[in-house]
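Working notes for the structure below.
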2 protein chains.
Amino acid sequence: MPTREPSETRILSVASEHLRLHGLRRFTVVAVAEEAGMTHANVYRYFPSRAALVDAVVDLWLKATERRLADIADGPDPADDKLERLILALARANRDLLSEDPHLFAALSQAVAKRHAISRRNRARVRALFERVIDEGIASGAFEPRDRDKAIAYVIDATHRFIHPASLELEADVPQASVDARLSTLIRVALRVLSTGIV
Amino acid sequence: MPTREPSETRILSVASEHLRLHGLRRFTVVAVAEEAGMTHANVYRYFPSRAALVDAVVDLWLKATERRLADIADGPDPADDKLERLILALARANRDLLSEDPHLFAALSQAVAKRHAISRRNRARVRALFERVIDEGIASGAFEPRDRDKAIAYVIDATHRFIHPASLELEADVPQASVDARLSTLIRVALRVLSTGIV
DNA sequence: AAAATTACAAGTTACGAATTTTGTTATTTG
DNA sequence: CAAATAACAAAATTCGTAACTTGTAATTTT
């Protein structure tokens with residue numbers, strides 16, 4: 001992890017706050033710079049564009065979430081436990097962001113929809129975590145899929161509804177308990193499907 | 001099915017063409033009326049608002065799709081076959097609309113996102129078809145789920161990614177063959193899950 | 001020399017006036 | 001009297017312009 005310069009950190013934290021409070025629409029480089037106590041031109045010494053600054057804010061959240069997921073994947077527990085917790089943690093992280101910080105969620109959602117580099121990379125890294133845990137399960141004998149690649153695609157496709165921002169937005173008003181119940185059914189099924197070689 | 005008056009039919013067909021060619025943004029009651037050879041005020045004799053006219057166009061497509069799904073559900077084949085064809089037909093209908101008529105797809109997508117009555121009702125009817133076929137499978141012994149309601153929710157949630165407009169838009173550029181392969185894995189798994197009582 | 005500022009061109013947004021569209025009602029037509 | 005139109009108010013959209021924001025380059029500060 002590169003050490004950030006103090007000004008860069010300051011800009012980032014002001015930008016985060018600004019995005020959270022005012023949303024993408026009203027997020028301006030001029031306002032961020034002013035609140036960070038500098039002229040807007042100086043912001044461009046650290047971030048090449050407004051879009052890059054917004055992406056950096058989103059990336060901060062993505063990386064923090066990734067770290068929590070990696071902690072699960074790196075844990076000593078059985079692979080099926082870890083896969084379950086991985087899916088739940090990812091689903092909850094996104095869902096909590098939607099309810100607790102809608103503006104940042106919207107920015108993330110856009111980054112995903114428009115396939116920004118940060119979201120493509122995040123997606124690749126999260127997918128790698130899933131692959132690692134599933135491979136670990138195969139190695140330990142907990143999972144016995146007929147086709148490893150299809151098994152991975154299956155897990156990702158089946159859980160999509162509870163993980164992808166675009167799908168989460170659709171159910172913002174459904175009681176969390178009901179969503180949780182459906183997700184846990186889905187996970188339970190996925191684990192059995194992986195362990196019994198259905199996929 | 002109520003017999004429509006000739007003017008109403010004419011308006012609807014001009015409106016369909018207009019929506020398909022120009023999209024929601026440029027779809028105006030005035031232009032539709034003009035092309036249908038009448039003043040815009042007369043359109044309001046048949047449709048209470050611009051929004052209602054757009055919804056009527058979308059509903060035309062939804063109903064046509066529903067009829068094809070109902071034909072499958074009403075067929076004499078085994079329930080597992082019918083469920084597979086139901087899911088495939090629904091996924092393909094939406095996917096084909098996206099590629100062949102993006103403007104109508106966008107209008108449908110909005111109706112779904114904004115929970116218009118037409119889309120809520122369509123959803124309820126399509127869900128009822130799924131329930132019917134699954135119940136039929138339970139009656140015939142082809143499916144033996146532990147919990148019927150959870151089984152239905154599972155099928156709908158797991159296939160969501162390949163059926164819901166918001167999710168389909170995300171994969172517009174993925175080769176159809178690859179999407180089809182993933183969907184058929186998902187369906188195969190779902191059928192086994194239903195038949196073996198995993199859910 | 002690094003960090004910041006000033007100054008400026010290019011692009012975007014905000015805003016009010018003009019126009020168009022929506023939706024209603026009273027009236028005409030066949 | 002059913003179908004359509006004309007006429008109109010209210011709402012939405014477009015258009016042009018002013019203000020602001022973005023991004024760059026030359027200059028100043030520390």
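Chain identifiers are assigned as A, B, and so on, following the order in which chains appear in the structure tokens; residues are numbered from 1 within each chain, and ligands are numbered from 1 in order of appearance.
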Can you list, as number ranges by chain, every protein, DNA or RNA residue that comes within 10 Å of B:Ala117 when you count only C-alpha atoms (C1' of nucleotides), leaving out same-chain residues fewer than 6 positions away? B: 55, 59, 111, 123
Export of prior selection with all heavy atoms as a PDB file, in the first residue's frame:
```pdb
ATOM      1  N   ASP B  55     -47.850   2.791 -21.216  1.00  0.00           N
ATOM      2  CA  ASP B  55     -48.062   1.526 -20.509  1.00  0.00           C
ATOM      3  C   ASP B  55     -48.863   0.544 -21.358  1.00  0.00           C
ATOM      4  O   ASP B  55     -48.597  -0.662 -21.325  1.00  0.00           O
ATOM      5  CB  ASP B  55     -48.784   1.773 -19.176  1.00  0.00           C
ATOM      6  CG  ASP B  55     -47.812   2.198 -18.083  1.00  0.00           C
ATOM      7  OD1 ASP B  55     -46.594   2.233 -18.357  1.00  0.00           O
ATOM      8  OD2 ASP B  55     -48.266   2.494 -16.963  1.00  0.00           O
ATOM      9  N   ASP B  59     -47.753  -3.056 -22.245  1.00  0.00           N
ATOM     10  CA  ASP B  59     -48.638  -4.140 -21.820  1.00  0.00           C
ATOM     11  C   ASP B  59     -48.955  -5.080 -22.977  1.00  0.00           C
ATOM     12  O   ASP B  59     -49.088  -6.293 -22.771  1.00  0.00           O
ATOM     13  CB  ASP B  59     -49.934  -3.559 -21.247  1.00  0.00           C
ATOM     14  CG  ASP B  59     -50.618  -4.522 -20.283  1.00  0.00           C
ATOM     15  OD1 ASP B  59     -49.894  -5.222 -19.560  1.00  0.00           O
ATOM     16  OD2 ASP B  59     -51.853  -4.576 -20.271  1.00  0.00           O
ATOM     17  N   ALA B 111     -41.035   0.768 -16.468  1.00  0.00           N
ATOM     18  CA  ALA B 111     -42.310   0.356 -15.865  1.00  0.00           C
ATOM     19  C   ALA B 111     -42.056  -0.594 -14.699  1.00  0.00           C
ATOM     20  O   ALA B 111     -42.731  -0.524 -13.670  1.00  0.00           O
ATOM     21  CB  ALA B 111     -43.204  -0.305 -16.906  1.00  0.00           C
ATOM     22  N   ARG B 123     -46.019  -9.408 -13.315  1.00  0.00           N
ATOM     23  CA  ARG B 123     -45.178 -10.173 -12.407  1.00  0.00           C
ATOM     24  C   ARG B 123     -45.981 -11.188 -11.617  1.00  0.00           C
ATOM     25  O   ARG B 123     -45.587 -12.355 -11.479  1.00  0.00           O
ATOM     26  CB  ARG B 123     -44.489  -9.183 -11.450  1.00  0.00           C
ATOM     27  CG  ARG B 123     -43.445  -9.772 -10.554  1.00  0.00           C
ATOM     28  CD  ARG B 123     -42.932  -8.676  -9.601  1.00  0.00           C
ATOM     29  NE  ARG B 123     -42.468  -9.250  -8.362  1.00  0.00           N
ATOM     30  CZ  ARG B 123     -41.254  -9.755  -8.184  1.00  0.00           C
ATOM     31  NH1 ARG B 123     -40.382  -9.738  -9.173  1.00  0.00           N
ATOM     32  NH2 ARG B 123     -40.894 -10.268  -7.023  1.00  0.00           N
TER      33      ARG B 123
END
```
Need to verify the contact set: A:Ala181, 12 Å, only C-alpha atoms (C1' of nucleotides), exclusion of same-chain residues closer than 4 positions in sequence. Can you return it as a list in words? Leu88, Phe162, Val174, Pro175, Gln176, Ala177, Thr185, Leu186, Ile187 and Arg188 of chain A; Asp149, Lys150, Ala153, Tyr154 and Asp157 of chain B
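When only C-alpha atoms (C1' of nucleotides) are used to compute distances to chain C, the closest of the residues B:Ser7, B:Ser16, B:Ser99, B:Asn42 turns out to be B:Asn42.
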Residues of chain D within 9 Å of chain B, using only C-alpha atoms (C1' of nucleotides), as a PyMOL selection string? chain D and resi 3-5
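Neighbouring residues of stretch 15-19 of chain D at 9 Å or closer, counting only C-alpha atoms (C1' of nucleotides) and skipping chain neighbours under 3 positions away, are DT13, DA14, DC15, DA17 and DA18 of chain C.
Using only C-alpha atoms (C1' of nucleotides), the contacts of D:DT28 at a cut-off of 10 Å, with sequence neighbours closer than 5 positions omitted, comprise DA4, DT5 and DT6 of chain C.
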Please report as a count of residues only which residues of chain B come no farther than 8 Å from chain A, using only C-alpha atoms. 20
List as a short mmCIF file (atom, residue, chain, number, x, y, z; two decimals) with all heavy atoms, in the first residue's frame the protein and nucleic acid residues near stretch 66-69 of chain A, meaning an atom at most 12 Å away when only C-alpha atoms (C1' of nucleotides) are counted, but skip any in the same chain fewer than 2 places from it.
```cif
data_model
loop_
_atom_site.label_atom_id
_atom_site.label_comp_id
_atom_site.auth_asym_id
_atom_site.auth_seq_id
_atom_site.Cartn_x
_atom_site.Cartn_y
_atom_site.Cartn_z
N ASP A 59 -13.46 3.67 -4.26
CA ASP A 59 -12.45 2.62 -4.12
C ASP A 59 -12.05 2.41 -2.66
O ASP A 59 -11.77 1.28 -2.24
CB ASP A 59 -11.22 2.98 -4.95
CG ASP A 59 -10.41 1.73 -5.32
OD1 ASP A 59 -11.05 0.68 -5.56
OD2 ASP A 59 -9.18 1.80 -5.38
N LEU A 60 -12.04 3.50 -1.90
CA LEU A 60 -11.73 3.41 -0.48
C LEU A 60 -12.68 2.42 0.19
O LEU A 60 -12.27 1.55 0.98
CB LEU A 60 -11.91 4.80 0.14
CG LEU A 60 -10.84 5.38 1.04
CD1 LEU A 60 -9.47 5.24 0.42
CD2 LEU A 60 -11.13 6.85 1.33
N TRP A 61 -13.96 2.56 -0.13
CA TRP A 61 -14.97 1.68 0.46
C TRP A 61 -14.82 0.25 -0.08
O TRP A 61 -14.88 -0.71 0.68
CB TRP A 61 -16.38 2.23 0.17
CG TRP A 61 -17.45 1.42 0.84
CD1 TRP A 61 -17.94 1.60 2.10
CD2 TRP A 61 -18.14 0.29 0.30
NE1 TRP A 61 -18.90 0.65 2.38
CE2 TRP A 61 -19.05 -0.16 1.30
CE3 TRP A 61 -18.10 -0.38 -0.93
CZ2 TRP A 61 -19.88 -1.26 1.10
CZ3 TRP A 61 -18.93 -1.47 -1.12
CH2 TRP A 61 -19.82 -1.90 -0.12
N LEU A 62 -14.61 0.14 -1.38
CA LEU A 62 -14.46 -1.19 -1.97
C LEU A 62 -13.29 -1.95 -1.34
O LEU A 62 -13.41 -3.13 -0.99
CB LEU A 62 -14.24 -1.07 -3.49
CG LEU A 62 -15.44 -0.68 -4.34
CD1 LEU A 62 -15.03 -0.51 -5.79
CD2 LEU A 62 -16.54 -1.74 -4.22
N LYS A 63 -12.19 -1.25 -1.16
CA LYS A 63 -10.99 -1.90 -0.61
C LYS A 63 -11.23 -2.32 0.84
O LYS A 63 -10.80 -3.40 1.26
CB LYS A 63 -9.79 -0.95 -0.69
CG LYS A 63 -9.32 -0.69 -2.12
CD LYS A 63 -8.13 -1.55 -2.48
CE LYS A 63 -7.80 -1.47 -3.97
NZ LYS A 63 -7.41 -0.11 -4.39
N ALA A 64 -11.91 -1.46 1.59
CA ALA A 64 -12.20 -1.80 2.99
C ALA A 64 -13.07 -3.06 3.05
O ALA A 64 -12.85 -3.96 3.87
CB ALA A 64 -12.90 -0.63 3.70
N ASP A 71 -10.32 -11.43 4.94
CA ASP A 71 -10.15 -11.99 6.28
C ASP A 71 -10.94 -13.28 6.42
O ASP A 71 -10.46 -14.25 7.03
CB ASP A 71 -10.61 -10.98 7.35
CG ASP A 71 -9.60 -9.87 7.55
OD1 ASP A 71 -8.46 -10.02 7.03
OD2 ASP A 71 -9.95 -8.86 8.19
N ILE A 72 -12.16 -13.27 5.88
CA ILE A 72 -12.97 -14.49 5.94
C ILE A 72 -12.32 -15.61 5.13
O ILE A 72 -12.15 -16.73 5.61
CB ILE A 72 -14.39 -14.20 5.41
CG1 ILE A 72 -15.12 -13.23 6.35
CG2 ILE A 72 -15.18 -15.51 5.25
CD1 ILE A 72 -16.44 -12.74 5.81
N ALA A 73 -11.93 -15.26 3.88
CA ALA A 73 -11.35 -16.28 2.99
C ALA A 73 -10.05 -16.84 3.56
O ALA A 73 -9.72 -18.01 3.33
CB ALA A 73 -11.11 -15.68 1.61
N ASP A 74 -9.32 -16.01 4.30
CA ASP A 74 -8.03 -16.45 4.83
C ASP A 74 -8.16 -17.21 6.15
O ASP A 74 -7.17 -17.76 6.65
CB ASP A 74 -7.11 -15.24 5.06
CG ASP A 74 -6.67 -14.61 3.75
OD1 ASP A 74 -6.70 -15.33 2.73
OD2 ASP A 74 -6.32 -13.42 3.74
N GLY A 75 -9.35 -17.22 6.70
CA GLY A 75 -9.55 -17.84 8.01
C GLY A 75 -9.29 -19.34 8.02
O GLY A 75 -9.15 -19.96 6.96
N LYS A 82 -16.83 -20.79 5.23
CA LYS A 82 -16.25 -19.55 4.71
C LYS A 82 -17.03 -19.04 3.49
O LYS A 82 -17.24 -17.84 3.35
CB LYS A 82 -14.78 -19.77 4.35
CG LYS A 82 -13.93 -20.08 5.59
CD LYS A 82 -12.47 -19.74 5.41
CE LYS A 82 -11.78 -20.60 4.39
NZ LYS A 82 -10.30 -20.40 4.44
N LEU A 83 -17.46 -19.97 2.64
CA LEU A 83 -18.22 -19.54 1.47
C LEU A 83 -19.52 -18.88 1.90
O LEU A 83 -19.91 -17.83 1.39
CB LEU A 83 -18.51 -20.72 0.55
CG LEU A 83 -19.22 -20.37 -0.76
CD1 LEU A 83 -18.43 -19.34 -1.56
CD2 LEU A 83 -19.46 -21.62 -1.61
N GLU A 84 -20.18 -19.50 2.87
CA GLU A 84 -21.41 -18.91 3.38
C GLU A 84 -21.17 -17.52 3.95
O GLU A 84 -21.90 -16.57 3.63
CB GLU A 84 -22.01 -19.81 4.49
CG GLU A 84 -23.10 -19.11 5.29
CD GLU A 84 -24.06 -20.07 5.96
OE1 GLU A 84 -23.65 -21.22 6.22
OE2 GLU A 84 -25.20 -19.67 6.20
N ARG A 85 -20.13 -17.39 4.74
CA ARG A 85 -19.87 -16.07 5.35
C ARG A 85 -19.44 -15.05 4.31
O ARG A 85 -19.73 -13.85 4.44
CB ARG A 85 -18.83 -16.23 6.46
CG ARG A 85 -19.43 -16.90 7.70
CD ARG A 85 -18.37 -17.37 8.68
NE ARG A 85 -17.43 -16.31 9.01
CZ ARG A 85 -16.15 -16.51 9.36
NH1 ARG A 85 -15.67 -17.75 9.39
NH2 ARG A 85 -15.38 -15.50 9.65
N LEU A 86 -18.73 -15.52 3.29
CA LEU A 86 -18.30 -14.64 2.21
C LEU A 86 -19.51 -14.03 1.51
O LEU A 86 -19.61 -12.82 1.30
CB LEU A 86 -17.48 -15.47 1.21
CG LEU A 86 -16.29 -14.84 0.49
CD1 LEU A 86 -15.38 -14.12 1.45
CD2 LEU A 86 -15.52 -15.92 -0.27
N ILE A 87 -20.45 -14.89 1.14
CA ILE A 87 -21.65 -14.42 0.44
C ILE A 87 -22.45 -13.48 1.33
O ILE A 87 -22.87 -12.39 0.91
CB ILE A 87 -22.53 -15.62 0.01
CG1 ILE A 87 -21.77 -16.47 -1.02
CG2 ILE A 87 -23.84 -15.14 -0.57
CD1 ILE A 87 -22.42 -17.83 -1.29
N LEU A 88 -22.64 -13.88 2.58
CA LEU A 88 -23.41 -13.06 3.51
C LEU A 88 -22.75 -11.71 3.74
O LEU A 88 -23.43 -10.67 3.73
CB LEU A 88 -23.55 -13.78 4.86
CG LEU A 88 -24.74 -14.73 4.98
CD1 LEU A 88 -24.67 -15.46 6.32
CD2 LEU A 88 -26.05 -13.95 4.88
N ALA A 89 -21.45 -11.71 3.92
CA ALA A 89 -20.73 -10.46 4.21
C ALA A 89 -20.83 -9.52 3.02
O ALA A 89 -21.05 -8.31 3.18
CB ALA A 89 -19.27 -10.75 4.54
N LEU A 90 -20.68 -10.06 1.82
CA LEU A 90 -20.74 -9.23 0.63
C LEU A 90 -22.14 -8.66 0.42
O LEU A 90 -22.32 -7.47 0.15
CB LEU A 90 -20.31 -10.06 -0.59
CG LEU A 90 -20.21 -9.35 -1.93
CD1 LEU A 90 -19.37 -8.09 -1.83
CD2 LEU A 90 -19.63 -10.30 -2.98
N ALA A 91 -23.13 -9.52 0.60
CA ALA A 91 -24.52 -9.08 0.44
C ALA A 91 -24.85 -8.00 1.48
O ALA A 91 -25.45 -6.97 1.15
CB ALA A 91 -25.47 -10.26 0.58
N ARG A 92 -24.43 -8.23 2.72
CA ARG A 92 -24.74 -7.27 3.78
C ARG A 92 -24.00 -5.97 3.60
O ARG A 92 -24.54 -4.88 3.85
CB ARG A 92 -24.39 -7.87 5.15
CG ARG A 92 -25.33 -8.98 5.52
CD ARG A 92 -25.65 -9.00 7.02
NE ARG A 92 -26.60 -10.09 7.25
CZ ARG A 92 -26.29 -11.23 7.88
NH1 ARG A 92 -25.08 -11.41 8.36
NH2 ARG A 92 -27.22 -12.15 8.04
N ALA A 93 -22.75 -6.04 3.17
CA ALA A 93 -21.98 -4.81 2.98
C ALA A 93 -22.69 -3.92 1.98
O ALA A 93 -22.90 -2.72 2.22
CB ALA A 93 -20.57 -5.14 2.50
N ASN A 94 -23.08 -4.49 0.86
CA ASN A 94 -23.76 -3.69 -0.17
C ASN A 94 -25.12 -3.20 0.31
O ASN A 94 -25.49 -2.05 0.09
CB ASN A 94 -23.90 -4.52 -1.45
CG ASN A 94 -22.58 -4.65 -2.19
OD1 ASN A 94 -21.72 -3.77 -2.13
ND2 ASN A 94 -22.39 -5.75 -2.88
N SER A 119 -14.21 -0.75 -10.39
CA SER A 119 -15.22 -1.77 -10.11
C SER A 119 -14.87 -3.07 -10.82
O SER A 119 -15.12 -4.16 -10.29
CB SER A 119 -16.61 -1.28 -10.49
OG SER A 119 -16.94 -1.63 -11.81
N ARG A 121 -11.88 -4.18 -11.37
CA ARG A 121 -10.81 -4.80 -10.58
C ARG A 121 -11.35 -5.38 -9.29
O ARG A 121 -10.98 -6.48 -8.87
CB ARG A 121 -9.71 -3.78 -10.29
CG ARG A 121 -8.93 -3.44 -11.54
CD ARG A 121 -7.75 -2.52 -11.24
NE ARG A 121 -7.27 -1.94 -12.50
CZ ARG A 121 -7.07 -0.64 -12.72
NH1 ARG A 121 -7.30 0.24 -11.75
NH2 ARG A 121 -6.66 -0.22 -13.89
N ASN A 122 -12.23 -4.61 -8.63
CA ASN A 122 -12.83 -5.12 -7.41
C ASN A 122 -13.55 -6.43 -7.68
O ASN A 122 -13.40 -7.42 -6.96
CB ASN A 122 -13.82 -4.08 -6.85
CG ASN A 122 -14.72 -4.65 -5.77
OD1 ASN A 122 -15.86 -5.01 -6.02
ND2 ASN A 122 -14.20 -4.76 -4.56
N ARG A 123 -14.33 -6.43 -8.76
CA ARG A 123 -15.08 -7.63 -9.15
C ARG A 123 -14.14 -8.81 -9.35
O ARG A 123 -14.40 -9.92 -8.87
CB ARG A 123 -15.82 -7.31 -10.45
CG ARG A 123 -16.78 -8.36 -10.90
CD ARG A 123 -17.38 -7.94 -12.26
NE ARG A 123 -17.74 -9.09 -13.04
CZ ARG A 123 -18.89 -9.74 -12.91
NH1 ARG A 123 -19.77 -9.34 -12.02
NH2 ARG A 123 -19.15 -10.79 -13.65
N ALA A 124 -13.04 -8.56 -10.05
CA ALA A 124 -12.07 -9.64 -10.32
C ALA A 124 -11.49 -10.16 -9.01
O ALA A 124 -11.34 -11.37 -8.82
CB ALA A 124 -10.97 -9.13 -11.24
N ARG A 125 -11.15 -9.24 -8.09
CA ARG A 125 -10.53 -9.68 -6.83
C ARG A 125 -11.53 -10.43 -5.96
O ARG A 125 -11.18 -11.44 -5.33
CB ARG A 125 -9.96 -8.47 -6.08
CG ARG A 125 -8.69 -7.92 -6.71
CD ARG A 125 -8.06 -6.83 -5.84
NE ARG A 125 -8.97 -5.71 -5.66
CZ ARG A 125 -8.86 -4.51 -6.25
NH1 ARG A 125 -7.85 -4.28 -7.08
NH2 ARG A 125 -9.73 -3.56 -6.03
N VAL A 126 -12.78 -9.95 -5.92
CA VAL A 126 -13.79 -10.64 -5.12
C VAL A 126 -14.05 -12.02 -5.72
O VAL A 126 -14.15 -13.01 -5.00
CB VAL A 126 -15.09 -9.82 -5.04
CG1 VAL A 126 -16.22 -10.65 -4.42
CG2 VAL A 126 -14.86 -8.55 -4.23
N ARG A 127 -14.13 -12.07 -7.04
CA ARG A 127 -14.32 -13.35 -7.70
C ARG A 127 -13.17 -14.31 -7.35
O ARG A 127 -13.41 -15.49 -7.09
CB ARG A 127 -14.38 -13.14 -9.22
CG ARG A 127 -14.92 -14.35 -9.94
CD ARG A 127 -14.72 -14.26 -11.44
NE ARG A 127 -14.81 -15.60 -11.99
CZ ARG A 127 -15.91 -16.12 -12.53
NH1 ARG A 127 -17.01 -15.40 -12.60
NH2 ARG A 127 -15.91 -17.35 -12.97
N ALA A 128 -11.97 -13.78 -7.32
CA ALA A 128 -10.80 -14.60 -6.98
C ALA A 128 -10.95 -15.19 -5.57
O ALA A 128 -10.57 -16.34 -5.33
CB ALA A 128 -9.52 -13.79 -7.10
N LEU A 129 -11.50 -14.38 -4.65
CA LEU A 129 -11.71 -14.89 -3.30
C LEU A 129 -12.69 -16.07 -3.32
O LEU A 129 -12.46 -17.09 -2.67
CB LEU A 129 -12.24 -13.79 -2.38
CG LEU A 129 -11.27 -12.66 -2.03
CD1 LEU A 129 -11.97 -11.62 -1.14
CD2 LEU A 129 -10.04 -13.20 -1.32
N PHE A 130 -13.77 -15.89 -4.06
CA PHE A 130 -14.75 -16.98 -4.19
C PHE A 130 -14.07 -18.22 -4.77
O PHE A 130 -14.25 -19.33 -4.27
CB PHE A 130 -15.91 -16.55 -5.08
CG PHE A 130 -17.00 -15.81 -4.35
CD1 PHE A 130 -16.83 -14.50 -3.95
CD2 PHE A 130 -18.19 -16.44 -4.04
CE1 PHE A 130 -17.82 -13.82 -3.25
CE2 PHE A 130 -19.21 -15.76 -3.35
CZ PHE A 130 -19.02 -14.45 -2.96
N ARG A 132 -10.96 -19.03 -4.69
CA ARG A 132 -10.01 -19.62 -3.75
C ARG A 132 -10.72 -20.49 -2.74
O ARG A 132 -10.30 -21.62 -2.45
CB ARG A 132 -9.28 -18.50 -3.00
CG ARG A 132 -7.80 -18.47 -3.28
CD ARG A 132 -7.16 -17.24 -2.68
NE ARG A 132 -7.27 -17.15 -1.23
CZ ARG A 132 -7.14 -16.01 -0.56
NH1 ARG A 132 -6.90 -14.87 -1.21
NH2 ARG A 132 -7.23 -16.00 0.74
N VAL A 133 -11.81 -19.98 -2.17
CA VAL A 133 -12.53 -20.73 -1.14
C VAL A 133 -13.15 -21.99 -1.74
O VAL A 133 -13.12 -23.07 -1.12
CB VAL A 133 -13.60 -19.85 -0.47
CG1 VAL A 133 -14.51 -20.68 0.44
CG2 VAL A 133 -12.93 -18.73 0.33
#
```
Could you tell me which of C:DT24, C:DG11, C:DA1, C:DG16 comes closest to chain B if we count only C-alpha atoms (C1' of nucleotides)? C:DT24
Surrounding residues of C:DC8 excluding itself and chain neighbours under 4 positions, 12 Å, only C-alpha atoms (C1' of nucleotides), as a list in words: DT22, DG23, DT24, DA25 and DA26 of chain D
Selection export as a PDB file, in the first residue's frame, atoms kept: N, CA, C and O atoms (P, O5', C5', C4', C3', O3' and C1' of nucleotides):
```pdb
ATOM      1  P    DT D  22     -16.053  20.798 -10.735  1.00  0.00           P
ATOM      2  O5'  DT D  22     -15.251  20.655 -12.114  1.00  0.00           O
ATOM      3  C5'  DT D  22     -15.890  20.076 -13.243  1.00  0.00           C
ATOM      4  C4'  DT D  22     -14.933  20.089 -14.417  1.00  0.00           C
ATOM      5  C3'  DT D  22     -13.586  19.403 -14.152  1.00  0.00           C
ATOM      6  O3'  DT D  22     -13.361  18.455 -15.190  1.00  0.00           O
ATOM      7  C1'  DT D  22     -13.269  21.588 -15.038  1.00  0.00           C
ATOM      8  P    DG D  23     -12.288  17.261 -15.023  1.00  0.00           P
ATOM      9  O5'  DG D  23     -10.988  17.955 -15.611  1.00  0.00           O
ATOM     10  C5'  DG D  23     -10.997  18.286 -16.996  1.00  0.00           C
ATOM     11  C4'  DG D  23      -9.844  19.220 -17.315  1.00  0.00           C
ATOM     12  C3'  DG D  23      -8.459  18.770 -16.827  1.00  0.00           C
ATOM     13  O3'  DG D  23      -7.614  18.672 -17.968  1.00  0.00           O
ATOM     14  C1'  DG D  23      -8.812  21.061 -16.418  1.00  0.00           C
ATOM     15  P    DT D  24      -6.046  18.331 -17.890  1.00  0.00           P
ATOM     16  O5'  DT D  24      -5.370  19.737 -18.233  1.00  0.00           O
ATOM     17  C5'  DT D  24      -5.769  20.436 -19.394  1.00  0.00           C
ATOM     18  C4'  DT D  24      -4.889  21.658 -19.584  1.00  0.00           C
ATOM     19  C3'  DT D  24      -3.393  21.428 -19.354  1.00  0.00           C
ATOM     20  O3'  DT D  24      -2.692  22.058 -20.421  1.00  0.00           O
ATOM     21  C1'  DT D  24      -4.145  23.205 -17.985  1.00  0.00           C
ATOM     22  P    DA D  25      -1.107  21.847 -20.592  1.00  0.00           P
ATOM     23  O5'  DA D  25      -0.560  23.320 -20.322  1.00  0.00           O
ATOM     24  C5'  DA D  25      -1.295  24.462 -20.769  1.00  0.00           C
ATOM     25  C4'  DA D  25      -0.608  25.709 -20.236  1.00  0.00           C
ATOM     26  C3'  DA D  25       0.896  25.542 -19.985  1.00  0.00           C
ATOM     27  O3'  DA D  25       1.541  26.769 -20.260  1.00  0.00           O
ATOM     28  C1'  DA D  25      -0.147  26.106 -17.977  1.00  0.00           C
ATOM     29  P    DA D  26       3.102  26.890 -20.252  1.00  0.00           P
ATOM     30  O5'  DA D  26       3.271  28.459 -19.997  1.00  0.00           O
ATOM     31  C5'  DA D  26       2.132  29.320 -19.902  1.00  0.00           C
ATOM     32  C4'  DA D  26       2.276  30.204 -18.678  1.00  0.00           C
ATOM     33  C3'  DA D  26       3.723  30.512 -18.260  1.00  0.00           C
ATOM     34  O3'  DA D  26       3.810  31.895 -17.917  1.00  0.00           O
ATOM     35  C1'  DA D  26       2.548  29.622 -16.431  1.00  0.00           C
TER      36       DA D  26
END
```
Quick check: residues of chain C within 10 Å of chain B, only C-alpha atoms (C1' of nucleotides), returned as a ChimeraX atom specification. /C:20-24
For the residues selected in the previous step, produce a file with N, CA and C atoms (P, O5', C5', C4', C3', O3' and C1' of nucleotides) as a CSV table (one decimal), in the first residue's frame.
```csv
chain,number,residue,atom,x,y,z
C,20,DT,P,-43.1,25.9,-31.1
C,20,DT,O5',-43.4,24.6,-30.2
C,20,DT,C5',-42.3,23.8,-29.7
C,20,DT,C4',-42.9,22.8,-28.7
C,20,DT,C3',-44.1,22.0,-29.2
C,20,DT,O3',-43.7,20.7,-29.1
C,20,DT,C1',-44.4,22.8,-27.0
C,21,DT,P,-44.6,19.5,-29.5
C,21,DT,O5',-45.2,19.0,-28.1
C,21,DT,C5',-44.3,18.7,-27.0
C,21,DT,C4',-45.1,18.4,-25.8
C,21,DT,C3',-46.3,17.4,-26.0
C,21,DT,O3',-46.2,16.3,-25.1
C,21,DT,C1',-47.0,19.4,-24.8
C,22,DT,P,-47.3,15.2,-25.1
C,22,DT,O5',-48.1,15.6,-23.8
C,22,DT,C5',-47.5,15.8,-22.5
C,22,DT,C4',-48.5,16.2,-21.5
C,22,DT,C3',-49.7,15.3,-21.3
C,22,DT,O3',-49.9,15.0,-20.0
C,22,DT,C1',-50.3,17.6,-21.6
C,23,DG,P,-50.8,13.7,-19.5
C,23,DG,O5',-52.2,14.4,-19.3
C,23,DG,C5',-52.3,15.4,-18.3
C,23,DG,C4',-53.6,16.2,-18.5
C,23,DG,C3',-54.9,15.4,-18.7
C,23,DG,O3',-55.7,15.8,-17.6
C,23,DG,C1',-54.8,17.2,-20.2
C,24,DT,P,-57.3,15.2,-17.5
C,24,DT,O5',-58.1,16.5,-17.9
C,24,DT,C5',-57.8,17.8,-17.2
C,24,DT,C4',-58.8,18.8,-17.6
C,24,DT,C3',-60.3,18.4,-17.7
C,24,DT,O3',-61.1,19.3,-17.0
C,24,DT,C1',-59.7,19.4,-19.7
```
